[in-house]
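S.K.: Below you'll find my_file-v5.csv; it's CSV, C-alpha atoms.
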chain,number,residue,atom,x,y,z
A,1,MET,CA,-1.5,49.5,20.4
A,2,MET,CA,-2.4,45.8,20.5
A,3,TYR,CA,-5.9,44.3,21.1
A,4,LEU,CA,-6.4,40.8,22.3
A,5,HIS,CA,-9.3,38.8,21.0
A,6,TYR,CA,-10.7,35.7,22.6
A,7,GLY,CA,-9.2,32.6,20.8
A,8,ALA,CA,-7.1,34.6,18.4
A,9,LEU,CA,-3.7,35.9,18.1
A,10,PRO,CA,-3.4,39.7,18.7
A,11,GLU,CA,-3.9,41.9,15.7
A,12,ARG,CA,-1.2,44.4,15.2
A,13,ARG,CA,-2.2,48.0,14.5
A,14,CYS,CA,0.0,50.5,12.9
A,15,ASP,CA,-1.3,54.0,12.4
A,16,GLY,CA,-4.8,52.8,13.1
A,17,VAL,CA,-4.8,50.2,10.3
A,18,ALA,CA,-5.5,46.6,11.2
A,19,HIS,CA,-3.1,44.0,9.8
A,20,PRO,CA,-4.6,40.6,9.0
A,21,LEU,CA,-1.7,38.7,10.7
A,22,PRO,CA,-4.0,36.3,12.6
A,23,THR,CA,-6.0,35.5,9.5
A,24,MET,CA,-2.8,35.0,7.5
A,25,ILE,CA,-1.4,32.6,10.1
A,26,ARG,CA,-4.6,30.6,10.2
A,27,LEU,CA,-4.7,30.4,6.4
A,28,THR,CA,-1.1,29.4,6.2
A,29,ILE,CA,-1.7,26.6,8.8
A,30,SER,CA,-4.8,25.4,7.0
A,31,VAL,CA,-3.1,25.2,3.6
A,32,SER,CA,-0.1,23.4,5.2
A,33,LEU,CA,-2.4,20.8,6.8
A,34,LEU,CA,-4.2,20.3,3.5
A,35,LEU,CA,-0.9,19.7,1.7
A,36,VAL,CA,0.2,17.2,4.4
A,37,VAL,CA,-3.1,15.3,4.0
A,38,ALA,CA,-2.9,15.4,0.2
A,39,VAL,CA,0.6,14.1,0.1
A,40,THR,CA,0.1,11.3,2.7
A,41,SER,CA,-3.1,10.0,1.3
A,42,CYS,CA,-1.9,8.7,-2.0
A,43,SER,CA,-2.9,5.3,-3.4
A,44,GLN,CA,-0.6,2.3,-4.0
A,45,ARG,CA,-0.6,3.2,-7.7
A,46,ASP,CA,0.7,6.7,-6.7
A,47,LEU,CA,3.6,5.0,-5.0
A,48,GLU,CA,4.9,3.2,-8.1
A,49,GLY,CA,8.5,3.9,-8.5
A,50,ALA,CA,8.9,4.9,-4.9
A,51,GLU,CA,11.7,3.4,-2.8
A,52,PRO,CA,10.6,0.3,-0.8
A,53,VAL,CA,10.7,0.3,3.0
A,54,THR,CA,13.2,-2.6,2.9
A,55,ASP,CA,15.2,-4.6,0.4
A,56,PHE,CA,12.4,-6.9,-0.9
A,57,GLY,CA,14.9,-8.5,-3.4
A,58,ASP,CA,16.2,-10.4,-0.3
A,59,ARG,CA,13.4,-13.0,0.1
A,60,ARG,CA,14.1,-13.4,3.8
A,61,ARG,CA,13.2,-9.7,4.3
A,62,LEU,CA,10.2,-10.0,2.0
A,63,VAL,CA,8.9,-13.0,3.9
A,64,GLY,CA,9.7,-11.2,7.2
A,65,PHE,CA,7.6,-8.2,6.1
A,66,VAL,CA,4.4,-10.1,5.0
A,67,ASP,CA,1.8,-12.2,6.9
A,68,HIS,CA,1.2,-14.7,4.0
A,69,VAL,CA,3.3,-16.4,1.4
A,70,PHE,CA,1.4,-18.8,-0.9
A,71,MET,CA,1.3,-20.4,-4.3
A,72,GLY,CA,-1.9,-19.7,-6.2
A,73,ARG,CA,-3.4,-19.9,-9.6
A,74,VAL,CA,-5.2,-16.8,-11.0
A,75,VAL,CA,-8.9,-17.3,-11.7
A,76,GLY,CA,-9.5,-13.8,-13.1
A,77,ILE,CA,-10.3,-10.2,-12.3
A,78,VAL,CA,-13.5,-9.9,-10.2
A,79,GLY,CA,-13.7,-6.2,-9.7
A,80,ALA,CA,-11.7,-3.1,-8.9
A,81,ARG,CA,-11.0,-1.0,-5.8
A,82,HIS,CA,-11.0,2.7,-6.2
A,83,THR,CA,-9.2,4.9,-3.6
A,84,ASP,CA,-10.8,8.1,-4.7
A,85,PRO,CA,-14.4,8.9,-4.1
A,86,PRO,CA,-16.7,8.7,-7.2
A,87,ASP,CA,-17.1,12.5,-7.4
A,88,VAL,CA,-13.4,13.2,-7.8
A,89,ARG,CA,-12.4,10.0,-9.6
A,90,LYS,CA,-11.2,10.4,-13.2
A,91,PRO,CA,-13.6,8.6,-15.7
A,92,ASP,CA,-10.7,6.6,-17.2
A,93,ASP,CA,-9.4,5.4,-13.8
A,94,PRO,CA,-9.6,1.6,-13.9
A,95,GLY,CA,-8.8,1.3,-10.1
A,96,GLU,CA,-6.7,-1.4,-8.6
A,97,PRO,CA,-7.7,-4.8,-9.9
A,98,LEU,CA,-9.3,-7.3,-7.5
A,99,THR,CA,-8.1,-10.7,-8.6
A,100,ALA,CA,-9.5,-14.1,-7.5
A,101,VAL,CA,-6.8,-16.6,-6.8
A,102,ASN,CA,-7.1,-20.3,-5.9
A,103,VAL,CA,-4.5,-21.0,-3.2
A,104,THR,CA,-2.6,-24.2,-4.1
A,105,GLU,CA,-0.1,-24.2,-1.3
A,106,ASN,CA,0.4,-22.1,1.9
A,107,ILE,CA,4.1,-21.5,2.7
A,108,LYS,CA,3.7,-18.9,5.5
A,109,GLY,CA,0.3,-18.3,7.1
A,110,SER,CA,-2.9,-20.1,6.4
A,111,LEU,CA,-5.3,-18.8,3.7
A,112,PRO,CA,-8.4,-20.5,2.6
A,113,GLY,CA,-8.9,-22.1,-0.8
A,114,ARG,CA,-9.7,-18.9,-2.6
A,115,VAL,CA,-8.6,-15.3,-1.9
A,116,THR,CA,-8.9,-12.0,-3.6
A,117,VAL,CA,-5.7,-10.0,-4.0
A,118,ILE,CA,-5.1,-6.4,-4.8
A,119,GLY,CA,-2.1,-5.8,-7.0
A,120,PRO,CA,-1.0,-5.8,-10.6
A,121,ARG,CA,-3.0,-7.3,-13.5
A,122,LEU,CA,-2.2,-11.0,-13.5
A,123,GLU,CA,-2.6,-13.5,-16.2
A,124,PRO,CA,-5.7,-15.8,-15.6
A,125,GLY,CA,-4.7,-19.5,-15.4
A,126,LYS,CA,-1.1,-18.7,-14.5
A,127,GLU,CA,0.4,-19.7,-11.1
A,128,TYR,CA,2.4,-17.3,-9.0
A,129,VAL,CA,4.1,-17.3,-5.6
A,130,PHE,CA,2.3,-14.4,-3.7
A,131,SER,CA,3.7,-12.4,-0.8
A,132,THR,CA,0.8,-10.5,0.8
A,133,ASN,CA,-0.6,-8.7,3.8
A,134,PRO,CA,-4.3,-8.4,4.7
A,135,HIS,CA,-6.0,-5.2,3.7
A,136,PRO,CA,-7.2,-3.2,6.7
A,137,GLU,CA,-10.5,-2.2,5.1
A,138,GLY,CA,-11.7,-5.4,3.4
A,139,PRO,CA,-11.3,-9.1,2.9
A,140,TRP,CA,-8.5,-8.8,0.4
A,141,GLN,CA,-4.8,-9.6,0.4
A,142,ILE,CA,-2.4,-6.8,-0.8
A,143,VAL,CA,0.4,-8.0,-3.0
A,144,VAL,CA,3.6,-6.4,-1.6
A,145,SER,CA,5.7,-4.5,-4.2
A,146,ARG,CA,6.9,-5.9,-7.5
A,147,TYR,CA,8.6,-8.8,-5.6
A,148,GLY,CA,5.3,-9.9,-4.1
A,149,PHE,CA,4.2,-12.0,-7.2
A,150,VAL,CA,6.7,-14.4,-8.8
A,151,PRO,CA,5.5,-16.3,-11.9
A,152,VAL,CA,5.7,-20.1,-11.7
A,153,GLY,CA,6.8,-22.0,-14.8
A,154,ASP,CA,7.0,-25.7,-15.0
A,155,GLU,CA,6.9,-28.3,-12.2
A,156,ARG,CA,10.7,-28.2,-11.7
A,157,GLN,CA,10.6,-24.4,-11.2
A,158,ARG,CA,7.6,-24.7,-9.0
A,159,ALA,CA,9.5,-27.1,-6.7
A,160,GLU,CA,12.5,-24.8,-6.7
A,161,LEU,CA,10.5,-21.7,-5.8
A,162,ALA,CA,8.5,-23.5,-3.1
A,163,GLU,CA,11.8,-24.6,-1.5
A,164,GLU,CA,13.4,-21.2,-1.9
A,165,PHE,CA,10.4,-19.5,-0.1
A,166,ARG,CA,10.3,-22.2,2.6
A,167,ARG,CA,14.0,-21.6,3.3
A,168,ALA,CA,13.4,-17.8,3.3
A,169,TYR,CA,10.6,-18.4,5.8
A,170,GLU,CA,12.8,-20.5,8.1
A,171,GLU,CA,15.5,-17.7,7.9
A,172,GLU,CA,13.1,-14.7,7.7
A,173,ILE,CA,14.3,-11.3,8.8
A,174,PRO,CA,11.4,-9.6,10.5
A,175,TYR,CA,10.8,-6.1,9.4
A,176,ASN,CA,12.2,-3.4,11.6
A,177,PRO,CA,11.5,0.2,10.5
A,178,SER,CA,14.7,1.6,12.0
A,179,THR,CA,16.9,-0.8,9.9
A,180,PRO,CA,15.6,-0.9,6.3
What does this structure look like when you write it as structure tokens?
M.R.:
Amino acid sequence: MMYLHYGALPERRCDGVAHPLPTMIRLTISVSLLLVVAVTSCSQRDLEGAEPVTDFGDRRRLVGFVDHVFMGRVVGIVGARHTDPPDVRKPDDPGEPLTAVNVTENIKGSLPGRVTVIGPRLEPGKEYVFSTNPHPEGPWQIVVSRYGFVPVGDERQRAELAEEFRRAYEEEIPYNPSTP
């Protein structure tokens, strides 16, 4: 015999013993949802080694994916951004470094004289070509993948990189999720 309960799946009875089927189904659904949330809420550090969404080695695709490409000189680390709440954060977790950068030349987009980027640890005083997107939760720029910061050497290399990224901007391939 089956009994219907308001808002629940019917319990099955066999020889007068109630089976916990509705409870098991609810538990299974709850655990599945928790696993989905846990897997999809990982930080950028957790994604190291993951496959990129497109071929960022092709600078036209890289420039097409980002809002800003600029040359900048690293001032230094000004803090860290933690993705985990303090009560679950590991004590030795340094977080993602927040690095102050003086913008020396905008190639794509228009950033002010100084920005803060989230990305790898960068050498203070060194100049890089940055490819970034704005962070949705703060006034930071996110360095995109390992291709999003290219060290600049001497003046000749600086001129070559600037020209290469300007050309990539002119020929950019906008990101399309259906064609990585």
S.K.: Between CA of Pro139 (chain A) and CA of Arg89 (chain A), measure the distance and give it in Å to one decimal.
M.R.: 22.9 Å
S.K.: Select all residues near (-5.4, -9.7, -4.6) (cut-off 6 Å, inclusive, file coordinates), counting only C-alpha atoms, and output them as number ranges by chain.
M.R.: A: 98-99, 116-119, 140-142
S.K.: Between A:Val88, A:Val143, A:Val63, A:Ile173, which is the closest to Arg121 (chain A) once you count all atoms listed in the file?
M.R.: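 Between A:Val88, A:Val143, A:Val63, A:Ile173, the residue approaching Arg121 (chain A) most closely is A:Val143.
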S.K.: Can you measure CA of Phe130 (chain A) to CA of Pro85 (chain A) for me? One decimal in Å is fine.
M.R.: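 So the two atoms, CA of Phe130 (chain A) and CA of Pro85 (chain A), lie 28.7 Å apart.
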S.K.: Have a look at CA of Arg114 (chain A) and CA of Gly72 (chain A) and let me know their distance in Å, one decimal.
M.R.: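 Result for CA of Arg114 (chain A) versus CA of Gly72 (chain A): 8.6 Å, one decimal.
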S.K.: With distances taken over only C-alpha atoms, which residue among A:Phe65, A:Phe70, A:Tyr175, A:Tyr128 lies nearest Ser110 (chain A)?
M.R.: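 Under the stated criterion, the closest residue is A:Phe70.
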S.K.: Check the smallest atom-to-atom distance from each of A:Arg73, A:Phe56, A:Val129, A:Asp87 to Glu160 (chain A) using all atoms listed in the file, then report the winner.
M.R.: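 Looking at the shortest contact to Glu160 (chain A), the residue is A:Val129.
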S.K.: Go through A:Lys126, A:Glu163, A:His82, A:Thr104 and flag the residue nearest Phe149 (chain A), using only C-alpha atoms for the distances.
M.R.: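 Result for the nearest residue to Phe149 (chain A): A:Lys126.
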S.K.: Choose the residue, out of A:Arg166, A:Lys108, A:Arg156, A:Arg59, that has the smallest atom-to-atom separation from Asn133 (chain A); count all atoms listed in the file.
M.R.: A:Lys108
S.K.: Between A:Pro120, A:Pro94, A:Pro136, A:Gly109, which residue has the minimum interatomic distance to Val66 (chain A), considering all atoms listed in the file?
M.R.: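 Of A:Pro120, A:Pro94, A:Pro136, A:Gly109, the one nearest Val66 (chain A) is A:Gly109, counting all atoms listed in the file.
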S.K.: Name all residues at most 10 Å from Leu161 (chain A) (count only C-alpha atoms; drop same-chain ones fewer than 2 positions away) and give them as a list in words.
M.R.: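 The residues satisfying every condition are Met71, Tyr128, Val129, Val150, Pro151, Val152, Gly153, Glu155, Arg156, Gln157, Arg158, Ala159, Glu163, Glu164, Phe165, Arg166 and Arg167 of chain A.
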S.K.: Give me the residues within 6 Å of Ala80 (chain A) as a list in words, counting all atoms listed in the file and dropping any in the same chain fewer than 3 places off.
M.R.: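 Result of the neighbour search: Gly95, Glu96, Pro97 and Leu98 of chain A.
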